[in-house]
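What follows is a single structure, written as structure tokens, with notes after it.
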Amino acid sequence: IEETPETMYAKLMAVGDELIATYFLLATNVSMEKVKEVEKRLKEGENPRDIKMELARVLVTELHGAKEADLAAEHFAKTVQRKELPDEIEEISVSQAFKEGRLIVDILLATNLSESRSDAKRLVQQGGVEVEGKRIDNPNEIINFTNGMIIKVGKRKFAKIKE
């Protein structure tokens, strides 16, 4: 409930297909007729992704408003589906010590893009980290900062380095 609209939308898009109707029933204020319609559409083979988009829009609208739901849907389409950079990326200032090059794992920790050193290492090893569009797969890789550098972790986390 306390998630941002963008995060909430993305998490709802990751819900298992078998849980879509349950989410409509338990997490939204839609009618039972709507829940039954969703169940029928799923049984008839409609693309679950389309129904999840509907679920995400309904739930985000109920909790944050229609405008925020529209913005969250566009953000998801842009960053996840079309793999583009979001319009707004958090800018992170780095200290002079980091500009001379640090391990990618240390950078992820310092920029709060990972929760722990082991989490950062796992993210890198699984191919979930990009620096300036280049996938980083070695947790021991040294990165030298440049002003405006973009770091991407997973599909939804971005940071822009500011000197």
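Chain identifiers are assigned as A, B, and so on, following the order in which chains appear in the structure tokens; residues are numbered from 1 within each chain, and ligands are numbered from 1 in order of appearance.
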Contacts of Leu19 in chain A within 12 Å, only C-alpha atoms, excl. fewer than 3 positions in-chain, as a list in words: Leu12, Met13, Ala14, Val15, Gly16, Thr22, Tyr23, Phe24, Leu25, Leu26, Ala27, Val35, Val38, Glu39, Leu42, Pro48, Ile51, Lys52 and Leu55 of chain A
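DSSP secondary structure from the backbone places A:Glu91, A:Ile92, A:Ser93, A:Arg102, A:Leu103, A:Val129, A:Glu130, A:Val131, A:Lys134, A:Arg135, A:Ile136, A:Ile142, A:Ile143, A:Ile150, A:Ile151, A:Lys152, A:Val153 of range 49-155 of chain A in strand (DSSP E or B).
Distance annotation: of A:Leu108, A:Ile92, A:Ala120, A:Ala77, the residue with the minimal separation from Lys162 in chain A is A:Ile92; atom set is only C-alpha atoms.
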For the alpha helix (DSSP H) assignment from backbone DSSP, which residues of range 73-144 of chain A qualify? Please present them as a VMD selection string. chain A and resid 73 to 76 96 to 99 104 to 110 117 to 125
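In this model, the gap between CA of Ala69 in chain A and CA of Met8 in chain A comes to 9.6 Å.
Each of A:Gln81, A:Thr28, A:Thr4, A:Ser116 was checked against Lys155 in chain A using only C-alpha atoms; the smallest atom-to-atom distance is that of A:Gln81.
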Find the residues around Leu85 in chain A up to 10 Å (only C-alpha atoms counted), leave out those fewer than 5 positions away in its own chain, and share them as a ChimeraX atom specification. /A:75,78-80,150,152,156,158
Would you put the residues from that selection into a file with all heavy atoms, as a compact mmCIF listing (two decimals), in the first residue's frame?
```
# COMPACT_ATOMS: atom_id res chain seq x y z
N HIS A 75 5.23 4.63 -17.47
CA HIS A 75 6.57 4.36 -16.96
C HIS A 75 6.92 2.87 -17.18
O HIS A 75 8.02 2.55 -17.63
CB HIS A 75 6.65 4.71 -15.48
CG HIS A 75 7.97 4.43 -14.86
ND1 HIS A 75 9.05 5.28 -14.99
CD2 HIS A 75 8.42 3.39 -14.10
CE1 HIS A 75 10.08 4.78 -14.35
NE2 HIS A 75 9.73 3.63 -13.81
N LYS A 78 7.46 2.15 -20.89
CA LYS A 78 8.71 2.74 -21.37
C LYS A 78 9.93 1.98 -20.86
O LYS A 78 10.81 1.63 -21.63
CB LYS A 78 8.78 4.20 -20.93
CG LYS A 78 9.98 4.93 -21.44
CD LYS A 78 9.91 6.40 -21.06
CE LYS A 78 11.01 7.15 -21.77
NZ LYS A 78 10.90 8.58 -21.59
N THR A 79 9.99 1.72 -19.56
CA THR A 79 11.20 1.15 -18.97
C THR A 79 11.29 -0.36 -19.08
O THR A 79 12.37 -0.90 -19.24
CB THR A 79 11.36 1.56 -17.50
OG1 THR A 79 10.24 1.08 -16.76
CG2 THR A 79 11.48 3.06 -17.35
N VAL A 80 10.18 -1.06 -18.97
CA VAL A 80 10.21 -2.52 -18.99
C VAL A 80 9.91 -3.08 -20.37
O VAL A 80 10.67 -3.89 -20.90
CB VAL A 80 9.23 -3.10 -17.93
CG1 VAL A 80 9.21 -4.63 -18.00
CG2 VAL A 80 9.62 -2.64 -16.54
N ILE A 150 24.86 6.66 -16.27
CA ILE A 150 23.62 5.98 -15.87
C ILE A 150 23.95 4.56 -15.44
O ILE A 150 24.61 3.81 -16.17
CB ILE A 150 22.60 5.92 -17.03
CG1 ILE A 150 22.30 7.31 -17.57
CG2 ILE A 150 21.34 5.19 -16.60
CD1 ILE A 150 21.47 8.18 -16.68
N LYS A 152 22.01 1.05 -14.21
CA LYS A 152 20.71 0.39 -14.20
C LYS A 152 20.86 -0.93 -13.47
O LYS A 152 21.78 -1.71 -13.74
CB LYS A 152 20.23 0.15 -15.63
CG LYS A 152 18.91 -0.57 -15.72
CD LYS A 152 18.52 -0.78 -17.17
CE LYS A 152 17.27 -1.62 -17.27
NZ LYS A 152 16.97 -2.02 -18.64
N ARG A 156 13.99 -1.94 -13.24
CA ARG A 156 13.31 -0.74 -12.77
C ARG A 156 14.14 0.23 -11.95
O ARG A 156 13.67 1.31 -11.63
CB ARG A 156 12.09 -1.14 -11.95
CG ARG A 156 11.09 -1.97 -12.72
CD ARG A 156 9.85 -2.24 -11.93
NE ARG A 156 10.08 -2.88 -10.67
CZ ARG A 156 9.92 -4.16 -10.43
NH1 ARG A 156 9.54 -4.96 -11.39
NH2 ARG A 156 10.11 -4.66 -9.22
N PHE A 158 17.24 2.82 -11.52
CA PHE A 158 18.19 3.62 -12.28
C PHE A 158 18.81 4.66 -11.36
O PHE A 158 18.17 5.14 -10.43
CB PHE A 158 17.47 4.38 -13.40
CG PHE A 158 16.84 3.49 -14.44
CD1 PHE A 158 15.55 3.00 -14.26
CD2 PHE A 158 17.51 3.17 -15.60
CE1 PHE A 158 14.96 2.18 -15.22
CE2 PHE A 158 16.92 2.36 -16.55
CZ PHE A 158 15.65 1.87 -16.37
```
Selection near range 128-132 of chain A, 12 Å with only C-alpha atoms, sequence-local residues under 6 positions removed, as JSON, numbers by chain: {"A": [85, 104, 105, 107, 108, 113, 114, 119, 120, 121, 122, 138, 139, 141, 142, 143, 144, 145, 146, 147, 148, 149, 150, 151, 152, 153, 154, 155, 156, 157, 158, 159, 160, 161]}
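Residue nearest Pro5 in chain A, chosen from A:Met32, A:Met53, A:Ala21, A:Leu59 and counting only C-alpha atoms: A:Leu59.
Every protein, DNA or RNA residue with an atom at most 12 Å from Lys67 in chain A, where only C-alpha atoms count and chain neighbours fewer than 4 positions away do not, is listed here: Pro5, Glu6, Arg57, Val58, Val60, Thr61, Glu62, Leu63, Leu71, Ala72, Ala73 and Glu74 of chain A.
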Residue selection dump (N, CA and C atoms) as a short mmCIF file (atom, residue, chain, number, x, y, z; two decimals), in the first residue's frame:
```cif
data_model
loop_
_atom_site.label_atom_id
_atom_site.label_comp_id
_atom_site.auth_asym_id
_atom_site.auth_seq_id
_atom_site.Cartn_x
_atom_site.Cartn_y
_atom_site.Cartn_z
N PRO A 5 3.40 4.54 -7.04
CA PRO A 5 2.55 3.99 -8.11
C PRO A 5 3.33 3.16 -9.13
N GLU A 6 4.54 3.62 -9.49
CA GLU A 6 5.35 2.90 -10.48
C GLU A 6 5.77 1.53 -9.97
N ARG A 57 -3.79 -1.15 -13.30
CA ARG A 57 -4.41 0.17 -13.47
C ARG A 57 -5.53 0.38 -12.45
N VAL A 58 -6.37 -0.64 -12.25
CA VAL A 58 -7.47 -0.52 -11.29
C VAL A 58 -6.94 -0.30 -9.88
N VAL A 60 -3.88 0.65 -8.78
CA VAL A 60 -3.13 1.90 -8.61
C VAL A 60 -4.09 3.09 -8.61
N THR A 61 -5.12 3.04 -9.44
CA THR A 61 -6.13 4.11 -9.44
C THR A 61 -6.83 4.19 -8.09
N GLU A 62 -7.21 3.05 -7.53
CA GLU A 62 -7.90 3.04 -6.25
C GLU A 62 -7.03 3.59 -5.12
N LEU A 63 -5.73 3.33 -5.17
CA LEU A 63 -4.85 3.74 -4.08
C LEU A 63 -4.17 5.09 -4.30
N LEU A 71 0.38 7.52 -15.33
CA LEU A 71 1.83 7.75 -15.34
C LEU A 71 2.60 6.45 -15.05
N ALA A 72 2.09 5.66 -14.12
CA ALA A 72 2.74 4.38 -13.78
C ALA A 72 2.70 3.42 -14.96
N ALA A 73 1.57 3.38 -15.66
CA ALA A 73 1.45 2.51 -16.83
C ALA A 73 2.43 2.93 -17.92
N GLU A 74 2.55 4.23 -18.14
CA GLU A 74 3.48 4.72 -19.15
C GLU A 74 4.93 4.45 -18.74
#
```
